[in-house]
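*Asks:* Attaching a single structure in structure tokens format; questions to follow.
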Amino acid sequence: MPSNAGTTRLVIVESPAKAKTISGYLGPGYVVEASFGHVRDLPRNAADVPAKYKGEPWARLGVDVDNGFHALYVVSADRKQQISKLVKLAKEVDEIFLATDEDREGEAIAWHLVETLKPKVPVKRMVFHEITKPAIQAAVANPREIDRDLVDAQEARRILDRLYGYEVSPVLWKKVMPKLSAGRVQSVATRIVVERERQRMAFRTAEYWDILATLAVANAGEGPRTFNATLIALNGDRIATGKDFEPTTGRVRAGAGVVHLDEGGARGLAARLEGRPFAVTRVEEKPYRRRPYAPFITSTLQQEAARKLRFSSQQTMRTAQRLYENGYITYMRTDSVNLSETAITAARRQIVELYGERSVPPEPRRYTGKVKNAQEAHEAIRPAGDNFRTPGDVAKELSAEEFKLYELIWRRTIASQMTDAVGSSVSVRIRAVSSSSEEADFGATGKTITDPGFLRAYVESSDDENAEAEDAERRLPTLVKDQPLTADELAAQGHHTQPPSRYTEASLVKALEELGIGRPSTYASIMQTIQDRGYVTKRGQAMIPTFLAFAVIGLMERHYPRLIDYDFTASMENELDEIAGGEHASVDFLTSFYFGSTNGAGDQTIARSGGLKKLVTENLSEIDARSVNSIPLFTDEEGREVVVRVGRYGPYLQRAVPGEQPAAPAEGEEGGGQGDRAPIPEGLAPDELTPEKVHELFLGGGGERKLGDDPATGEPIVLKSGRFGPYVASGERKSSLLRSQTPDSLTFDEALKLLSLPRLVGVAPDGVEVFANNGRYGPYVKRGDEFRSLDSEDKMFTVTLDEALALLAAPKTRQRRAAAPPLREMGNDPLTEKPLVIKDGRFGPYVTDGETNASLRRAQTPEALTLEEASEMLAEKRAKGPAPKKAAKKAAPAKKTAAKKTAAATRSTAAKKTTTAKATTAKATTAKKAPAKKAAPKKAAAASPPEE
């Protein structure tokens with residue numbers, strides 16, 4: 001699009017990819033440059049605070065809470081060079097267009113650019129929801145001013161999160177563990193995961209039985225001859241199913257009025273029904289109709305990408321970002337299900353081309369969102385442009401990852417404008433009378449789809465892996481009332497109630513969305529944050545809270561319940577929406593939250609408590625750190641309370657009779673002595689700490705078991721579990737298990753071999769002993785200070801003196817260990833088609849495609865890792881890029897230190913030669929200087945809280 005004659009315009013976007021795409025749609029006279037995301041933010045630590053503000057009492061927060069919550073913004077160090085470039089360009093153009101994203105975050109970036117660049121030329125805001133030539137030209141032709149209400153809302157959110165994080169996090173440092181963090185949304189998300197795990201820990205399974213009958217029609221016409229029916233009632237009383245049991249006791253709910261069949265009852269009834277006549281008692285047929293799903297919003301895209309593609313939330317958003325910036329889809333951070341008229345027209349036109357006119361309803365479909373606190377009225381996520389490109393059209397232009405996500409979005413969009421799926425559903429009841437005159441009622445359901453409609457394009461997945469797909473049919477024979485049937489088979493089948501399933505990233509995002517907590521732009525980062533902070537780990541797709549999370553959430557629930565209350569957190573989102581709409585002032589909102597002023601703004605519960613500042617300072621003395629870091633499990637058969645303690649080296653088990661003091665800790669240990677404490681192996685989920693498992697982990701259980709007595713010394717050989725993994729011990733000797741060994745399979749003979757390490761291989765000709773041993777980096781031989789690696793663990797026990805001396809004689813720089821075979825070959829990566837293998841590395845097992853490596857996480861094992869998980873791990877590693885190289889240490893400080901030491905030594909020598917009075921004076925002077933040196937680190941630490 002040509003600019004006015006002689007006019008030069010600078011267009012600023014966030015990313016280089018976006019800049020490259022947009023520059024292709026603008027004519028001469030336009031310079032398109034990237035800001036590389038946010039250009040300013042609150043200071044991350046004390047080092048970021050400008051010198052003139054370092055003495056201010058609010059500098060630690062980066063927010064002057066006593067003067068209208070004025071924020072101190074600093075330009076990020078990695079953005080300074082780009083800002084200089086933008087400042088120079090701003091002086092050379094006649095007009096500036098700020099083309100950042102159209103949400104609150106993008107609006108705030110645009111405002112920060114103005115505040116930072118301080119341009120002398122007109123500045124305009126251009127917005128668009130897709131990067132196509134018509135959209136970009138329309139945005140240039142119809143610019144607007146920066147929306148200060150949106151900026152105020154975003155700034156209020158940033159300050160709110162800073163206040164929350166910087167005031168609550170220090171409480172966790174003091175009472176739980178250093179370097180922890182709290183966050184307005186991350187703490188609530190963690191609470192949701194912890195509450196689900198508590199439900200699983202309290203769950204008690206129940207067993208129940210029913211009968212599956214395979215029934216046959218005598219003269220079947222169209223349709224199948226046999227079908228399955230399940231026992232649903234006996235003598236008019238319903239047969240118990242999983243929903244009839246109390247989850248915490250495993251007993252039938254009071255007043256349920258059901259028949260609870262056990263194995264004997266079910267098998268006996270099946271035997272009494274053998275050979276008895278069956279007859280249809282009722283047939284109900286109803287029309288079946290299923291409407292299409294709404295187009296994707298951010299949360300539903302993340303959920304479906306997780307279910308269908310096994311993408312993490314971050315992986316989904318990174319891929320969607322690339323698709324958006326390169327012009328393939330519309331903006332991917334939205335909570336609106338609306339489609340523009342041009343999009344609806346494009347979808348309907350493409351449906352006719354691909355599926356025929358019968359697949360398009362007479363009227364276009366319009367959707368209404370159900371998300372609480374829905375924010376911007378953007379479009380849903382859809383293919384970009386007025387003519388959608390099919391997946392086949394773009395296949396060669398996209399990576400495998402991008403193609404899969406584009407196809408998902410395209411199918412969902414097309415399906416949203418197609419006809420309903422229609423058919424019929426039938427419900428049948430059948431009765432048989434047993435040889436003991438018992439009336440047994442069976443039920444069966446069927447579904448037939450006569451016109452799949454939108455299901456031809458898209459079928460939504462479910463979080464329940466056992467759920468039936470929407471397009472699945474269950475065909476029954478044509479049945480009528482009183483029709484006789486015969487039973488080909490009667491099989492008693494047992495079931496067990498199941499605990500509530502753990503959250504996945506997809507279902508957790510859904511839960512947050514339903515509660516009205518968080519925003520489209522924050523879901524992915526929240527999923528990542530709670531994992532990075534050590535509050536949640538993943539086992540496959542399941543999110544498992546750590547005991548650290550239990551301690552943190554326990555503290556918050558007892559002492560700051562309002563700060564992790566679901567309704568309260570959602571109400572803050574409402575307040576921010578009101579600020580964005582110009583209905584509320586951000587200063588009033590922040591004042592109420594932080595200081596507790598009751599002017600009608602903010603949450604009155606927090607206000608009445610004196611605000612956040614008073615809440616976290618006054619209650620601090622009431623928090624008992626030992627209680628907070630103790631998670632009760634149960635009382636064992638001997639009346640001892642079993643708890644999990646969260647210590648500095650990780651969680652461990654402890655047990656004691658109520659009122660009894662635990663044994664004093666051994667040197668270097670936490671909590672009680674070995675008699676009443678036991679380590680918890682890494683990767684063990686909280687709900688797996690059953691009484692049986694706990695018994696194993698304590699002394700005398702499977703976690704520490706005697707393997708036998710050493711024939712040479714008579715001392716017992718014991719397998720133990722320590723901080724650094726399993727090991728064997730006998731007297732003063734200890735040895736860790738080899739990588740190829742497991743505690744369950746370790747034999748007495750293998751333990752004896754381990755305790756023989758370090759093994760004396762022999763004596764070299766010069767009289768120096770040569771040893772073989774196992775170390776941090778694997779097996780090795782040693783002669784004096786010389787080390788060489790062995791190519792296998794077995795060699796430690798078989799290497800001869802001549803072989804060891806030959807290894808030690810070889811140049812160290814040339815020494816290479818023979819490449820070990822992979823632990824497992826996994827097949828081809830579904831994203832890149834490269835073969836994936838799992839190898840054993842220096843720091844443990846890792847998966848690789850030959851170019852990118854990703855270490856297995858704590859809960860993952862080479863045997864259990866799935867191909868999808870491996871692909872996801874490598875995709876995340878590739879997206880992060882190579883690790884930054886550490887800068888070389890400067891020599892100057894070392895010289896300075898050495899000079900100081902020399903000077904100090906000289907002064908010390910001189911002092912010895914002086915009179916007693918002078919020596920006393922020197923000591924006094926030294927004593928005065930010492931406290932200043934000790935105080936400095938404390939000041940630095942206080943000014944550097946973690947990011948919220």
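Ligands are numbered from 1 in the order shown, chains are lettered A, B, ... in the order of the structure tokens, and residues start at 1 in each chain.
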Val422 in chain A: which residues within 9 Å, counting only C-alpha atoms, same-chain residues fewer than 3 positions away excluded, as a list in words?
*Replies:* Pro287, Tyr288, Arg289, Arg290, Arg291, Thr419, Thr448, Ile449, Thr450, Asp451, Pro452 and Gly453 of chain A
*Asks:* Could you list, with a cut-off of 12 Å and counting only C-alpha atoms, the residues of range 198-248 of chain A near range 632-655 of chain A, each shown with its nearest atom pair and the distance in Å rounded to one decimal, rows sorted by chain and ascending number, as a tab-separated table?
*Replies:*
residue	atom	partner	partner_atom	distance
A:Arg198	CA	A:Leu633	CA	10.3
A:Met201	CA	A:Leu633	CA	8.6
A:Ala202	CA	A:Leu633	CA	9.4
*Asks:* Counting only C-alpha atoms, which residue out of A:Ala347, A:Pro830, A:Lys447, A:Pro779 sits closest to Lys404 in chain A?
*Replies:*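 Closest to Lys404 in chain A of all the choices is A:Pro830.
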*Asks:* Give one line per residue of range 486-584 of chain A that approaches range 299-312 of chain A to at most 7 Å, naming the two atoms of the closest pair and their distance in Å to one decimal, counting only C-alpha atoms; sort by chain then ascending residue number and deliver it as a tab-separated table.
*Replies:*
residue	atom	partner	partner_atom	distance
A:Glu505	CA	A:Ser312	CA	7.0
A:Ala506	CA	A:Gln303	CA	4.1
A:Ser507	CA	A:Gln303	CA	6.8
A:Val509	CA	A:Ser299	CA	6.3
A:Lys510	CA	A:Ser299	CA	6.7
A:Pro520	CA	A:Ser299	CA	6.6
*Asks:* Could you give me, as a list of chain:residue names, the residues within 9 Å of Leu823 in chain A, counting only C-alpha atoms and dropping anything in the same chain fewer than 5 positions from it?
*Replies:*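 Using only C-alpha atoms, the neighbours found are A:Val837, A:Ile838, A:Lys839, A:Asp840, A:Pro845, A:Pro862, A:Glu863.
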*Asks:* Kindly save the residues from that selection, with C-alpha atoms included, as a CSV table (one decimal), in the first residue's frame.
*Replies:*
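Result went into selection04.csv, see below:
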chain,number,residue,atom,x,y,z
A,837,VAL,CA,16.8,-43.3,20.7
A,838,ILE,CA,17.4,-43.2,24.4
A,839,LYS,CA,21.0,-43.1,25.5
A,840,ASP,CA,22.8,-43.3,28.9
A,845,PRO,CA,19.4,-41.1,30.4
A,862,PRO,CA,13.6,-45.2,29.5
A,863,GLU,CA,11.2,-48.1,29.5
*Asks:* From a DSSP calculation on the backbone, collect every residue of range 132-211 of chain A in alpha helix (DSSP H) and output the set as an MDAnalysis selection string.
*Replies:* chainID A and resid 133:141 148:175 186:202
*Asks:* Just to confirm, what's the straight-line distance from CA of Gln483 in chain A to CA of Ala271 in chain A in Å (one decimal)?
*Replies:* 22.8 Å
*Asks:* Which residue gives the smallest distance to Ala524 in chain A among A:Arg333, A:Arg783, A:Lys734, A:Arg204, with only C-alpha atoms counted?
*Replies:*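 Going through A:Arg333, A:Arg783, A:Lys734, A:Arg204 one by one, the smallest distance to Ala524 in chain A is for A:Arg333.
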*Asks:* Would you kindly return, as a PyMOL selection string, each protein, DNA or RNA residue with an atom no farther than 9 Å from any atom of range 32-34 of chain A, considering only C-alpha atoms and excluding same-chain residues fewer than 4 positions away?
*Replies:* chain A and resi 9-20+22-23+26+82+86
*Asks:* Using DSSP on the backbone coordinates, identify the residues of range 223-410 of chain A assigned to strand (DSSP E); present them as a ChimeraX atom specification.
*Replies:* /A:226-234,237-239,258-259,278-290
*Asks:* Taking N, CA and C atoms for each residue, export the selection above as a compact mmCIF listing (two decimals), in the first residue's frame.
*Replies:*
# COMPACT_ATOMS: atom_id res chain seq x y z
N THR A 226 -26.45 -60.72 17.39
CA THR A 226 -26.24 -60.69 18.83
C THR A 226 -25.90 -59.28 19.29
N PHE A 227 -26.07 -59.02 20.55
CA PHE A 227 -25.70 -57.75 21.16
C PHE A 227 -25.45 -57.99 22.64
N ASN A 228 -24.80 -57.03 23.28
CA ASN A 228 -24.49 -57.14 24.70
C ASN A 228 -25.47 -56.32 25.54
N ALA A 229 -25.81 -56.83 26.69
CA ALA A 229 -26.66 -56.13 27.66
C ALA A 229 -26.08 -56.35 29.05
N THR A 230 -26.21 -55.35 29.92
CA THR A 230 -25.63 -55.40 31.27
C THR A 230 -26.73 -55.45 32.32
N LEU A 231 -26.51 -56.25 33.36
CA LEU A 231 -27.46 -56.34 34.47
C LEU A 231 -27.58 -54.98 35.15
N ILE A 232 -28.82 -54.48 35.26
CA ILE A 232 -29.02 -53.16 35.86
C ILE A 232 -29.93 -53.19 37.08
N ALA A 233 -30.71 -54.27 37.27
CA ALA A 233 -31.60 -54.33 38.43
C ALA A 233 -31.87 -55.77 38.80
N LEU A 234 -32.14 -55.98 40.09
CA LEU A 234 -32.48 -57.31 40.59
C LEU A 234 -33.68 -57.17 41.52
N ASP A 237 -34.67 -53.60 42.37
CA ASP A 237 -33.66 -52.72 42.97
C ASP A 237 -32.45 -52.60 42.04
N ARG A 238 -31.98 -51.38 41.89
CA ARG A 238 -30.88 -51.12 40.97
C ARG A 238 -29.59 -51.78 41.45
N ILE A 239 -28.80 -52.27 40.50
CA ILE A 239 -27.50 -52.85 40.81
C ILE A 239 -26.49 -51.71 41.04
N VAL A 258 -29.50 -49.69 46.71
CA VAL A 258 -29.01 -50.50 45.59
C VAL A 258 -28.60 -51.88 46.09
N VAL A 259 -28.49 -52.80 45.14
CA VAL A 259 -28.00 -54.14 45.44
C VAL A 259 -26.52 -54.18 45.11
N PHE A 278 -35.13 -65.14 27.99
CA PHE A 278 -35.03 -63.67 28.10
C PHE A 278 -36.07 -63.08 27.17
N ALA A 279 -36.60 -61.91 27.54
CA ALA A 279 -37.59 -61.24 26.68
C ALA A 279 -37.45 -59.73 26.79
N VAL A 280 -37.71 -59.05 25.69
CA VAL A 280 -37.66 -57.59 25.67
C VAL A 280 -38.88 -57.04 26.40
N THR A 281 -38.65 -56.14 27.35
CA THR A 281 -39.77 -55.55 28.10
C THR A 281 -40.07 -54.12 27.67
N ARG A 282 -39.08 -53.44 27.07
CA ARG A 282 -39.31 -52.04 26.67
C ARG A 282 -38.31 -51.65 25.60
N VAL A 283 -38.80 -50.90 24.61
CA VAL A 283 -37.94 -50.35 23.57
C VAL A 283 -38.29 -48.87 23.40
N GLU A 284 -37.31 -48.00 23.61
CA GLU A 284 -37.52 -46.55 23.43
C GLU A 284 -36.55 -46.04 22.38
N GLU A 285 -37.08 -45.43 21.33
CA GLU A 285 -36.24 -44.87 20.27
C GLU A 285 -36.44 -43.37 20.22
N LYS A 286 -35.33 -42.64 20.17
CA LYS A 286 -35.37 -41.18 20.14
C LYS A 286 -34.46 -40.69 19.02
N PRO A 287 -34.81 -39.52 18.46
CA PRO A 287 -33.90 -38.95 17.45
C PRO A 287 -32.61 -38.47 18.13
N TYR A 288 -31.49 -38.63 17.45
CA TYR A 288 -30.19 -38.18 17.95
C TYR A 288 -29.74 -36.97 17.13
N ARG A 289 -29.30 -35.92 17.81
CA ARG A 289 -28.82 -34.73 17.12
C ARG A 289 -27.66 -34.13 17.90
N ARG A 290 -26.59 -33.81 17.21
CA ARG A 290 -25.42 -33.21 17.85
C ARG A 290 -24.98 -32.00 17.07
*Asks:* Give me, please, the distance in Å between CA of Asp577 in chain A and CA of His378 in chain A, quoted to one decimal.
*Replies:*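 Taking CA of Asp577 in chain A and CA of His378 in chain A, their separation equals 15.0 Å.
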*Asks:* At a cut-off of 9 Å, using only C-alpha atoms, what residues contact range 788-797 of chain A? Leave out same-chain residues fewer than 2 positions from it and give the result as a PyMOL selection string.
*Replies:* chain A and resi 738-740+753+756-759+761+771-774+777-782+786+799-800+804+807-808+810+812+815-820
*Asks:* Quick one: everything within 8 Å of Tyr367 in chain A, counting only C-alpha atoms, minus sequence neighbours fewer than 4 positions away in the same chain. Send it as a PyMOL selection string.
*Replies:* chain A and resi 294+337-338
*Asks:* Would you save the residues from that selection as a short mmCIF file (atom, residue, chain, number, x, y, z; two decimals), in the first residue's frame, using N, CA and C atoms?
*Replies:*
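Saved to selection-v8.cif:
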data_model
loop_
_atom_site.label_atom_id
_atom_site.label_comp_id
_atom_site.auth_asym_id
_atom_site.auth_seq_id
_atom_site.Cartn_x
_atom_site.Cartn_y
_atom_site.Cartn_z
N ALA A 294 -18.03 -25.02 18.88
CA ALA A 294 -17.67 -23.64 18.53
C ALA A 294 -16.23 -23.60 18.03
N VAL A 337 -15.61 -16.63 20.64
CA VAL A 337 -15.93 -17.68 19.66
C VAL A 337 -16.56 -17.10 18.40
N ASN A 338 -16.56 -15.78 18.28
CA ASN A 338 -17.14 -15.13 17.10
C ASN A 338 -16.31 -15.37 15.84
#
